[in-house]
>>> print(open('structure29.cif').read())   # mmCIF, C-alpha atoms and all ligand atoms
data_work
loop_
_atom_site.group_PDB
_atom_site.id
_atom_site.type_symbol
_atom_site.label_atom_id
_atom_site.label_comp_id
_atom_site.auth_asym_id
_atom_site.auth_seq_id
_atom_site.Cartn_x
_atom_site.Cartn_y
_atom_site.Cartn_z
ATOM 1 C CA MET N 41 -112.822 -128.782 20.851
ATOM 2 C CA HIS N 42 -114.470 -127.499 17.717
ATOM 3 C CA LYS N 43 -111.146 -127.273 15.997
ATOM 4 C CA ARG N 44 -110.374 -130.917 16.818
ATOM 5 C CA GLN N 45 -113.764 -132.050 15.522
ATOM 6 C CA PHE N 46 -113.184 -130.088 12.310
ATOM 7 C CA LEU N 47 -109.783 -131.700 11.805
ATOM 8 C CA LEU N 48 -111.166 -135.207 12.321
ATOM 9 C CA THR N 49 -113.970 -134.555 9.839
ATOM 10 C CA ALA N 50 -111.524 -133.150 7.306
ATOM 11 C CA MET N 51 -109.282 -136.207 7.705
ATOM 12 C CA ALA N 52 -112.222 -138.581 7.261
ATOM 13 C CA LEU N 53 -113.245 -136.781 4.085
ATOM 14 C CA LEU N 54 -109.712 -136.985 2.725
ATOM 15 C CA LEU N 55 -109.518 -140.710 3.454
ATOM 16 C CA THR N 56 -112.887 -141.374 1.809
ATOM 17 C CA SER N 57 -112.098 -139.387 -1.304
ATOM 18 C CA GLY N 58 -108.657 -141.031 -1.482
ATOM 19 C CA ARG N 59 -110.225 -144.484 -1.427
ATOM 20 C CA ARG N 60 -112.778 -143.555 -4.052
ATOM 21 C CA ALA N 61 -110.051 -142.157 -6.297
ATOM 22 C CA ARG N 62 -108.068 -145.401 -6.030
ATOM 23 C CA ALA N 63 -111.066 -147.651 -6.711
ATOM 24 C CA ALA N 64 -111.978 -145.788 -9.885
ATOM 25 C CA GLY N 65 -108.414 -144.595 -10.529
ATOM 26 C CA ALA N 66 -107.795 -140.888 -10.937
ATOM 27 C CA GLY N 67 -109.296 -139.836 -14.262
ATOM 28 C CA GLU N 68 -109.910 -143.409 -15.415
ATOM 29 C CA ASN N 69 -112.820 -144.453 -17.616
ATOM 30 C CA ALA N 70 -114.968 -147.627 -17.469
ATOM 31 C CA LEU N 71 -112.915 -149.384 -20.161
ATOM 32 C CA GLN N 72 -109.808 -148.872 -18.041
ATOM 33 C CA THR N 73 -111.215 -150.052 -14.691
ATOM 34 C CA SER N 74 -112.598 -153.312 -16.161
ATOM 35 C CA TRP N 75 -109.561 -154.283 -18.220
ATOM 36 C CA GLN N 76 -108.663 -157.459 -16.259
ATOM 37 C CA ASP N 77 -112.021 -159.006 -17.327
ATOM 38 C CA PHE N 78 -110.403 -159.545 -20.743
ATOM 39 C CA LEU N 79 -107.574 -161.775 -19.498
ATOM 40 C CA PRO N 80 -107.985 -165.562 -19.961
ATOM 41 C CA PRO N 81 -108.955 -167.272 -16.651
ATOM 42 C CA LYS N 82 -105.496 -168.776 -16.103
ATOM 43 C CA ALA N 83 -103.263 -166.242 -17.815
ATOM 44 C CA GLU N 84 -99.686 -166.364 -16.586
ATOM 45 C CA ILE N 85 -98.925 -162.724 -17.120
ATOM 46 C CA SER N 86 -96.664 -160.590 -14.952
ATOM 47 C CA LEU N 87 -98.209 -157.221 -14.135
ATOM 48 C CA SER N 88 -95.037 -155.869 -12.536
ATOM 49 C CA LEU N 89 -94.350 -152.300 -13.656
ATOM 50 C CA THR N 90 -90.726 -152.288 -12.501
ATOM 51 C CA PRO N 91 -88.643 -151.139 -15.488
ATOM 52 C CA LEU N 92 -86.530 -153.932 -17.011
ATOM 53 C CA LYS N 93 -82.832 -153.241 -17.335
ATOM 54 C CA LYS N 94 -82.409 -155.368 -20.418
ATOM 55 C CA PRO N 95 -79.988 -154.153 -23.099
ATOM 56 C CA ALA N 96 -81.324 -153.735 -26.653
ATOM 57 C CA LYS N 97 -78.921 -156.428 -27.958
ATOM 58 C CA GLU N 98 -80.701 -158.986 -25.736
ATOM 59 C CA TRP N 99 -84.062 -158.043 -27.258
ATOM 60 C CA ARG N 100 -82.506 -158.265 -30.721
ATOM 61 C CA LYS N 101 -81.773 -161.963 -30.091
ATOM 62 C CA GLU N 102 -85.336 -162.718 -28.942
ATOM 63 C CA LEU N 103 -87.498 -160.733 -31.356
ATOM 64 C CA PRO N 104 -88.123 -160.980 -35.109
ATOM 65 C CA ALA N 105 -86.113 -158.287 -36.933
ATOM 66 C CA ASP N 106 -89.206 -156.282 -37.959
ATOM 67 C CA SER N 107 -90.631 -156.229 -34.420
ATOM 68 C CA TYR N 108 -87.234 -155.240 -33.022
ATOM 69 C CA ALA N 109 -86.991 -152.347 -35.504
ATOM 70 C CA VAL N 110 -90.364 -150.949 -34.362
ATOM 71 C CA LEU N 111 -89.913 -151.534 -30.638
ATOM 72 C CA PHE N 112 -86.307 -150.459 -30.152
ATOM 73 C CA GLN N 113 -85.492 -148.320 -33.196
ATOM 74 C CA GLU N 114 -88.885 -146.522 -33.452
ATOM 75 C CA SER N 115 -89.518 -147.769 -36.970
ATOM 76 C CA THR N 116 -93.137 -147.725 -38.282
ATOM 77 C CA GLU N 117 -94.742 -150.659 -40.072
ATOM 78 C CA ALA N 118 -96.494 -150.138 -43.413
ATOM 79 C CA PRO N 119 -100.270 -149.616 -42.967
ATOM 80 C CA PHE N 120 -102.685 -152.502 -43.663
ATOM 81 C CA THR N 121 -99.932 -155.090 -43.097
ATOM 82 C CA SER N 122 -100.730 -156.260 -39.563
ATOM 83 C CA PRO N 123 -103.228 -159.102 -39.031
ATOM 84 C CA LEU N 124 -103.970 -157.488 -35.642
ATOM 85 C CA ASP N 125 -105.634 -154.553 -37.448
ATOM 86 C CA LYS N 126 -108.528 -156.958 -38.180
ATOM 87 C CA GLU N 127 -108.432 -158.866 -34.863
ATOM 88 C CA LYS N 128 -111.960 -158.854 -33.408
ATOM 89 C CA ARG N 129 -111.900 -161.548 -30.689
ATOM 90 C CA ALA N 130 -112.221 -160.658 -26.994
ATOM 91 C CA GLY N 131 -108.860 -160.520 -25.272
ATOM 92 C CA VAL N 132 -105.827 -158.468 -24.361
ATOM 93 C CA PHE N 133 -103.097 -156.880 -26.494
ATOM 94 C CA LEU N 134 -99.642 -157.328 -24.926
ATOM 95 C CA CYS N 135 -96.297 -155.659 -25.537
ATOM 96 C CA ARG N 136 -94.572 -157.944 -28.070
ATOM 97 C CA ALA N 137 -91.291 -157.730 -26.137
ATOM 98 C CA CYS N 138 -92.078 -158.051 -22.412
ATOM 99 C CA ARG N 139 -95.752 -159.181 -22.597
ATOM 100 C CA LEU N 140 -97.140 -156.414 -20.399
ATOM 101 C CA PRO N 141 -100.897 -155.961 -21.161
ATOM 102 C CA LEU N 142 -101.423 -152.588 -22.906
ATOM 103 C CA PHE N 143 -104.956 -152.625 -24.395
ATOM 104 C CA THR N 144 -108.145 -154.727 -24.372
ATOM 105 C CA SER N 145 -110.365 -155.693 -27.303
ATOM 106 C CA ALA N 146 -113.082 -153.381 -25.875
ATOM 107 C CA MET N 147 -110.731 -150.412 -26.344
ATOM 108 C CA LYS N 148 -110.141 -151.212 -30.031
ATOM 109 C CA PHE N 149 -111.921 -149.502 -32.929
ATOM 110 C CA ASP N 150 -111.544 -149.474 -36.703
ATOM 111 C CA SER N 151 -109.896 -146.144 -37.479
ATOM 112 C CA GLY N 152 -109.517 -146.939 -41.193
ATOM 113 C CA THR N 153 -105.822 -145.992 -41.014
ATOM 114 C CA GLY N 154 -104.537 -149.556 -41.433
ATOM 115 C CA TRP N 155 -102.988 -149.672 -37.950
ATOM 116 C CA PRO N 156 -104.549 -151.266 -34.847
ATOM 117 C CA SER N 157 -106.240 -148.340 -33.057
ATOM 118 C CA PHE N 158 -107.555 -147.888 -29.539
ATOM 119 C CA THR N 159 -109.654 -145.230 -27.772
ATOM 120 C CA THR N 160 -107.830 -145.640 -24.480
ATOM 121 C CA HIS N 161 -105.214 -147.864 -22.823
ATOM 122 C CA ILE N 162 -104.638 -149.926 -19.685
ATOM 123 C CA PRO N 163 -103.865 -147.320 -16.997
ATOM 124 C CA GLY N 164 -100.259 -146.963 -15.907
ATOM 125 C CA HIS N 165 -98.841 -149.328 -18.554
ATOM 126 C CA LEU N 166 -97.840 -146.750 -21.197
ATOM 127 C CA GLY N 167 -95.540 -143.737 -21.003
ATOM 128 C CA LYS N 168 -95.518 -140.760 -23.385
ATOM 129 C CA LYS N 169 -92.935 -138.420 -24.860
ATOM 130 C CA LYS N 170 -92.964 -135.629 -27.448
ATOM 131 C CA ASP N 171 -91.645 -136.647 -30.854
ATOM 132 C CA PHE N 172 -90.372 -134.211 -33.504
ATOM 133 C CA LYS N 173 -89.565 -136.884 -36.128
ATOM 134 C CA ALA N 174 -92.500 -135.961 -38.382
ATOM 135 C CA PHE N 175 -93.099 -132.485 -39.831
ATOM 136 C CA PHE N 176 -95.360 -131.766 -36.879
ATOM 137 C CA LEU N 177 -95.216 -132.424 -33.161
ATOM 138 C CA ARG N 178 -96.504 -135.866 -32.212
ATOM 139 C CA THR N 179 -96.867 -137.692 -28.916
ATOM 140 C CA GLU N 180 -94.992 -140.976 -28.902
ATOM 141 C CA TYR N 181 -95.946 -143.690 -26.404
ATOM 142 C CA HIS N 182 -94.121 -146.772 -25.165
ATOM 143 C CA CYS N 183 -94.382 -149.725 -22.779
ATOM 144 C CA VAL N 184 -93.413 -148.569 -19.274
ATOM 145 C CA ARG N 185 -91.739 -151.888 -18.418
ATOM 146 C CA CYS N 186 -89.363 -152.537 -21.336
ATOM 147 C CA GLY N 187 -89.422 -149.050 -22.931
ATOM 148 C CA GLY N 188 -90.423 -150.564 -26.289
ATOM 149 C CA HIS N 189 -91.947 -148.033 -28.712
ATOM 150 C CA GLN N 190 -95.597 -148.796 -29.553
ATOM 151 C CA GLY N 191 -97.031 -145.887 -31.550
ATOM 152 C CA HIS N 192 -98.400 -142.343 -31.402
ATOM 153 C CA VAL N 193 -101.510 -140.904 -29.748
ATOM 154 C CA PHE N 194 -103.749 -138.317 -31.460
ATOM 155 C CA ASP N 195 -106.817 -136.357 -30.328
ATOM 156 C CA ASP N 196 -109.082 -137.214 -33.294
ATOM 157 C CA GLY N 197 -110.530 -140.501 -31.942
ATOM 158 C CA PRO N 198 -114.155 -141.409 -31.195
ATOM 159 C CA ALA N 199 -116.182 -140.489 -28.078
ATOM 160 C CA PRO N 200 -115.976 -140.631 -25.155
ATOM 161 C CA THR N 201 -112.186 -140.150 -24.935
ATOM 162 C CA ARG N 202 -111.576 -138.576 -28.384
ATOM 163 C CA GLU N 203 -108.180 -140.278 -28.220
ATOM 164 C CA ARG N 204 -106.716 -142.416 -31.014
ATOM 165 C CA TRP N 205 -103.856 -144.631 -29.877
ATOM 166 C CA CYS N 206 -102.347 -145.632 -33.214
ATOM 167 C CA ASN N 207 -100.257 -148.756 -32.639
ATOM 168 C CA ASN N 208 -97.819 -150.803 -34.667
ATOM 169 C CA GLY N 209 -99.138 -154.386 -34.912
ATOM 170 C CA LEU N 210 -95.520 -155.619 -34.925
ATOM 171 C CA ALA N 211 -95.091 -154.223 -31.402
ATOM 172 C CA LEU N 212 -98.071 -156.202 -30.047
ATOM 173 C CA ALA N 213 -99.086 -159.792 -29.333
ATOM 174 C CA PHE N 214 -102.729 -160.822 -28.886
ATOM 175 C CA LEU N 215 -103.920 -163.029 -26.031
ATOM 176 C CA PRO N 216 -107.521 -164.207 -26.647
ATOM 177 C CA ARG N 217 -109.737 -164.554 -23.557
ATOM 178 C CA GLU N 218 -111.072 -167.949 -24.762
ATOM 179 C CA ALA N 219 -108.510 -170.553 -25.835
HETATM 180 ZN ZN ZN S 301 -92.800 -154.026 -22.947
#
>>> encode(input="structure29.cif", output="structure tokens")
Amino acid sequence: MHKRQFLLTAMALLLTSGRRARAAGAGENALQTSWQDFLPPKAEISLSLTPLKKPAKEWRKELPADSYAVLFQESTEAPFTSPLDKEKRAGVFLCRACRLPLFTSAMKFDSGTGWPSFTTHIPGHLGKKKDFKAFFLRTEYHCVRCGGHQGHVFDDGPAPTRERWCNNGLALAFLPREA
């Protein structure tokens, strides 16, 4: 009898904590949970996270050569060349290839590096891998849907996350919240 009551209580606690974790998202911050507030009211944006099986040569036909080189050949744009580095309007930054939302304007900060920089990202929309291309170990990140390379993440950003997501402007498109 007591054992049964204990089990029911334990199950109820698990269910409650599970729900709370989903609502806030495990380890998510306030900028991440409110990201959809930055979409325009009638945005026609697919939020599907199913990986696209689209060959690189198809993307090559659709994208400008410089964007293609960053997204699918892991090239890096020259600093201070992207107009998105100075973009200050409210809105959402999308993957330039598949248009999956990756960051909001509230996540952006001026890092002074000459690349669009963010303190955090839209949860679940970016994947990471270790990158040994520089003289030191870096963490590369990419769009989870099309696999397109976006940039590198460092741990020298501002509070509260201390993260600096350093992104190529050529790999992004900006969707302002107000038309
Ligand atoms: Zn993408």
>>> resolve_selection(input="structure29.cif", expression="the PyMOL selection byres (((not hetatm)) within 10 of (chain S and resi 301))", output="list in words")
Leu89, Pro91, Leu92, Leu111, Leu134, Cys135, Arg136, Ala137, Cys138, Arg139, Leu140, Pro141, Leu142, His165, Leu166, His182, Cys183, Val184, Arg185, Cys186, Gly187, Gly188, His189, Gln190, Ala211 and Leu212 of chain N
>>> atom_distance(input="structure29.cif", atom1="CA of Ala83 (chain N)", atom2="CA of Lys168 (chain N)")
27.2 Å
>>> closest_residue(input="structure29.cif", among="N:Val193, N:Trp205, N:Phe112, N:Thr153", to="Pro95 (chain N)", atoms="all atoms listed in the file")
N:Phe112
>>> residues_near_point(input="structure29.cif", point="(-100.1, -138.8, -26.9)", cutoff="7 Å", atoms="only C-alpha atoms", output="list in words")
Lys168, Thr179, Glu180, Tyr181, His192, Val193 and Phe194 of chain N
>>> closest_residue(input="structure29.cif", among="N:Pro119, N:Pro104, N:Gly67, N:Pro216", to="Gly164 (chain N)", atoms="all atoms listed in the file")
N:Gly67
>>> resolve_selection(input="structure29.cif", expression="the PyMOL selection byres (((chain N and resi 130) around 10) and not hetatm)", output="PDB file with C-alpha atoms, keeping the file's coordinate frame")
ATOM      1  CA  ASP N  77    -112.021-159.006 -17.327  1.00  0.00           C
ATOM      2  CA  PHE N  78    -110.403-159.545 -20.743  1.00  0.00           C
ATOM      3  CA  LEU N  79    -107.574-161.775 -19.498  1.00  0.00           C
ATOM      4  CA  PRO N  80    -107.985-165.562 -19.961  1.00  0.00           C
ATOM      5  CA  GLU N 127    -108.432-158.866 -34.863  1.00  0.00           C
ATOM      6  CA  LYS N 128    -111.960-158.854 -33.408  1.00  0.00           C
ATOM      7  CA  ARG N 129    -111.900-161.548 -30.689  1.00  0.00           C
ATOM      8  CA  GLY N 131    -108.860-160.520 -25.272  1.00  0.00           C
ATOM      9  CA  VAL N 132    -105.827-158.468 -24.361  1.00  0.00           C
ATOM     10  CA  PHE N 133    -103.097-156.880 -26.494  1.00  0.00           C
ATOM     11  CA  THR N 144    -108.145-154.727 -24.372  1.00  0.00           C
ATOM     12  CA  SER N 145    -110.365-155.693 -27.303  1.00  0.00           C
ATOM     13  CA  ALA N 146    -113.082-153.381 -25.875  1.00  0.00           C
ATOM     14  CA  PHE N 214    -102.729-160.822 -28.886  1.00  0.00           C
ATOM     15  CA  LEU N 215    -103.920-163.029 -26.031  1.00  0.00           C
ATOM     16  CA  PRO N 216    -107.521-164.207 -26.647  1.00  0.00           C
ATOM     17  CA  ARG N 217    -109.737-164.554 -23.557  1.00  0.00           C
ATOM     18  CA  GLU N 218    -111.072-167.949 -24.762  1.00  0.00           C
TER      19      GLU N 218
END
>>> atom_distance(input="structure29.cif", atom1="CA of His161 (chain N)", atom2="CA of Ala96 (chain N)")
24.9 Å
>>> atom_distance(input="structure29.cif", atom1="CA of Pro198 (chain N)", atom2="CA of Trp75 (chain N)")
18.8 Å
>>> residues_around(input="structure29.cif", residues="Gly154 (chain N)", least_positions_apart="5", cutoff="8 Å", atoms="all atoms listed in the file", output="ChimeraX atom specification")
/N:119-122,125
>>> resolve_selection(input="structure29.cif", expression="the PyMOL selection byres (((chain N and resi 69) around 10) and not hetatm)", output="PyMOL selection string")
chain N and resi 64-68+70-74+160-161+163+200-201
>>> closest_residue(input="structure29.cif", among="N:Ser107, N:Ser151, N:Thr90, N:Gln113", to="Lys126 (chain N)", atoms="all atoms listed in the file")
N:Ser151
>>> closest_residue(input="structure29.cif", among="N:Lys148, N:Lys173, N:Arg202, N:Lys101", to="Ser115 (chain N)", atoms="only C-alpha atoms")
N:Lys173
>>> closest_residue(input="structure29.cif", among="N:Leu124, N:Leu103, N:Ala174, N:Ser86", to="Ala213 (chain N)", atoms="only C-alpha atoms")
N:Leu124
>>> closest_residue(input="structure29.cif", among="N:Ser157, N:Met147, N:Asn208, N:Lys93", to="Ala109 (chain N)", atoms="only C-alpha atoms")
N:Asn208
>>> decode(input="structure29.cif", residues="region 155-203 of chain N", atoms="C-alpha atoms", output="mmCIF file, in the first residue's frame")
data_model
loop_
_atom_site.group_PDB
_atom_site.id
_atom_site.type_symbol
_atom_site.label_atom_id
_atom_site.label_comp_id
_atom_site.auth_asym_id
_atom_site.auth_seq_id
_atom_site.Cartn_x
_atom_site.Cartn_y
_atom_site.Cartn_z
ATOM 1 C CA TRP N 155 31.464 39.489 -37.964
ATOM 2 C CA PRO N 156 27.811 39.295 -36.861
ATOM 3 C CA SER N 157 27.996 37.951 -33.286
ATOM 4 C CA PHE N 158 25.422 36.416 -30.976
ATOM 5 C CA THR N 159 25.351 35.470 -27.276
ATOM 6 C CA THR N 160 23.144 32.448 -27.848
ATOM 7 C CA HIS N 161 21.140 30.749 -30.611
ATOM 8 C CA ILE N 162 17.675 29.372 -31.339
ATOM 9 C CA PRO N 163 17.599 26.034 -29.477
ATOM 10 C CA GLY N 164 17.912 22.882 -31.546
ATOM 11 C CA HIS N 165 18.643 24.677 -34.840
ATOM 12 C CA LEU N 166 22.465 24.502 -34.791
ATOM 13 C CA GLY N 167 24.827 21.540 -34.551
ATOM 14 C CA LYS N 168 28.479 21.651 -33.465
ATOM 15 C CA LYS N 169 31.684 19.844 -34.356
ATOM 16 C CA LYS N 170 35.353 20.199 -33.410
ATOM 17 C CA ASP N 171 37.481 21.917 -36.035
ATOM 18 C CA PHE N 172 41.281 21.636 -36.273
ATOM 19 C CA LYS N 173 41.650 23.949 -39.306
ATOM 20 C CA ALA N 174 43.169 26.811 -37.293
ATOM 21 C CA PHE N 175 46.318 26.518 -35.163
ATOM 22 C CA PHE N 176 44.098 25.820 -32.175
ATOM 23 C CA LEU N 177 41.015 23.727 -31.548
ATOM 24 C CA ARG N 178 37.794 25.526 -32.438
ATOM 25 C CA THR N 179 34.140 24.548 -32.289
ATOM 26 C CA GLU N 180 32.462 24.821 -35.667
ATOM 27 C CA TYR N 181 28.670 25.118 -35.878
ATOM 28 C CA HIS N 182 26.223 24.575 -38.721
ATOM 29 C CA CYS N 183 22.524 24.604 -39.618
ATOM 30 C CA VAL N 184 20.967 21.292 -38.540
ATOM 31 C CA ARG N 185 18.609 21.189 -41.536
ATOM 32 C CA CYS N 186 20.876 21.760 -44.554
ATOM 33 C CA GLY N 187 24.270 21.205 -42.856
ATOM 34 C CA GLY N 188 25.481 24.610 -44.085
ATOM 35 C CA HIS N 189 28.502 25.942 -42.161
ATOM 36 C CA GLN N 190 27.737 29.152 -40.234
ATOM 37 C CA GLY N 191 30.715 29.992 -38.013
ATOM 38 C CA HIS N 192 32.566 29.175 -34.793
ATOM 39 C CA VAL N 193 31.546 29.500 -31.142
ATOM 40 C CA PHE N 194 33.915 30.826 -28.447
ATOM 41 C CA ASP N 195 33.620 31.211 -24.665
ATOM 42 C CA ASP N 196 34.666 34.888 -24.452
ATOM 43 C CA GLY N 197 31.214 36.470 -25.006
ATOM 44 C CA PRO N 198 29.211 38.749 -22.700
ATOM 45 C CA ALA N 199 27.057 37.707 -19.709
ATOM 46 C CA PRO N 200 24.899 35.832 -19.052
ATOM 47 C CA THR N 201 25.966 33.043 -21.445
ATOM 48 C CA ARG N 202 29.628 34.071 -21.975
ATOM 49 C CA GLU N 203 29.231 32.558 -25.441
#
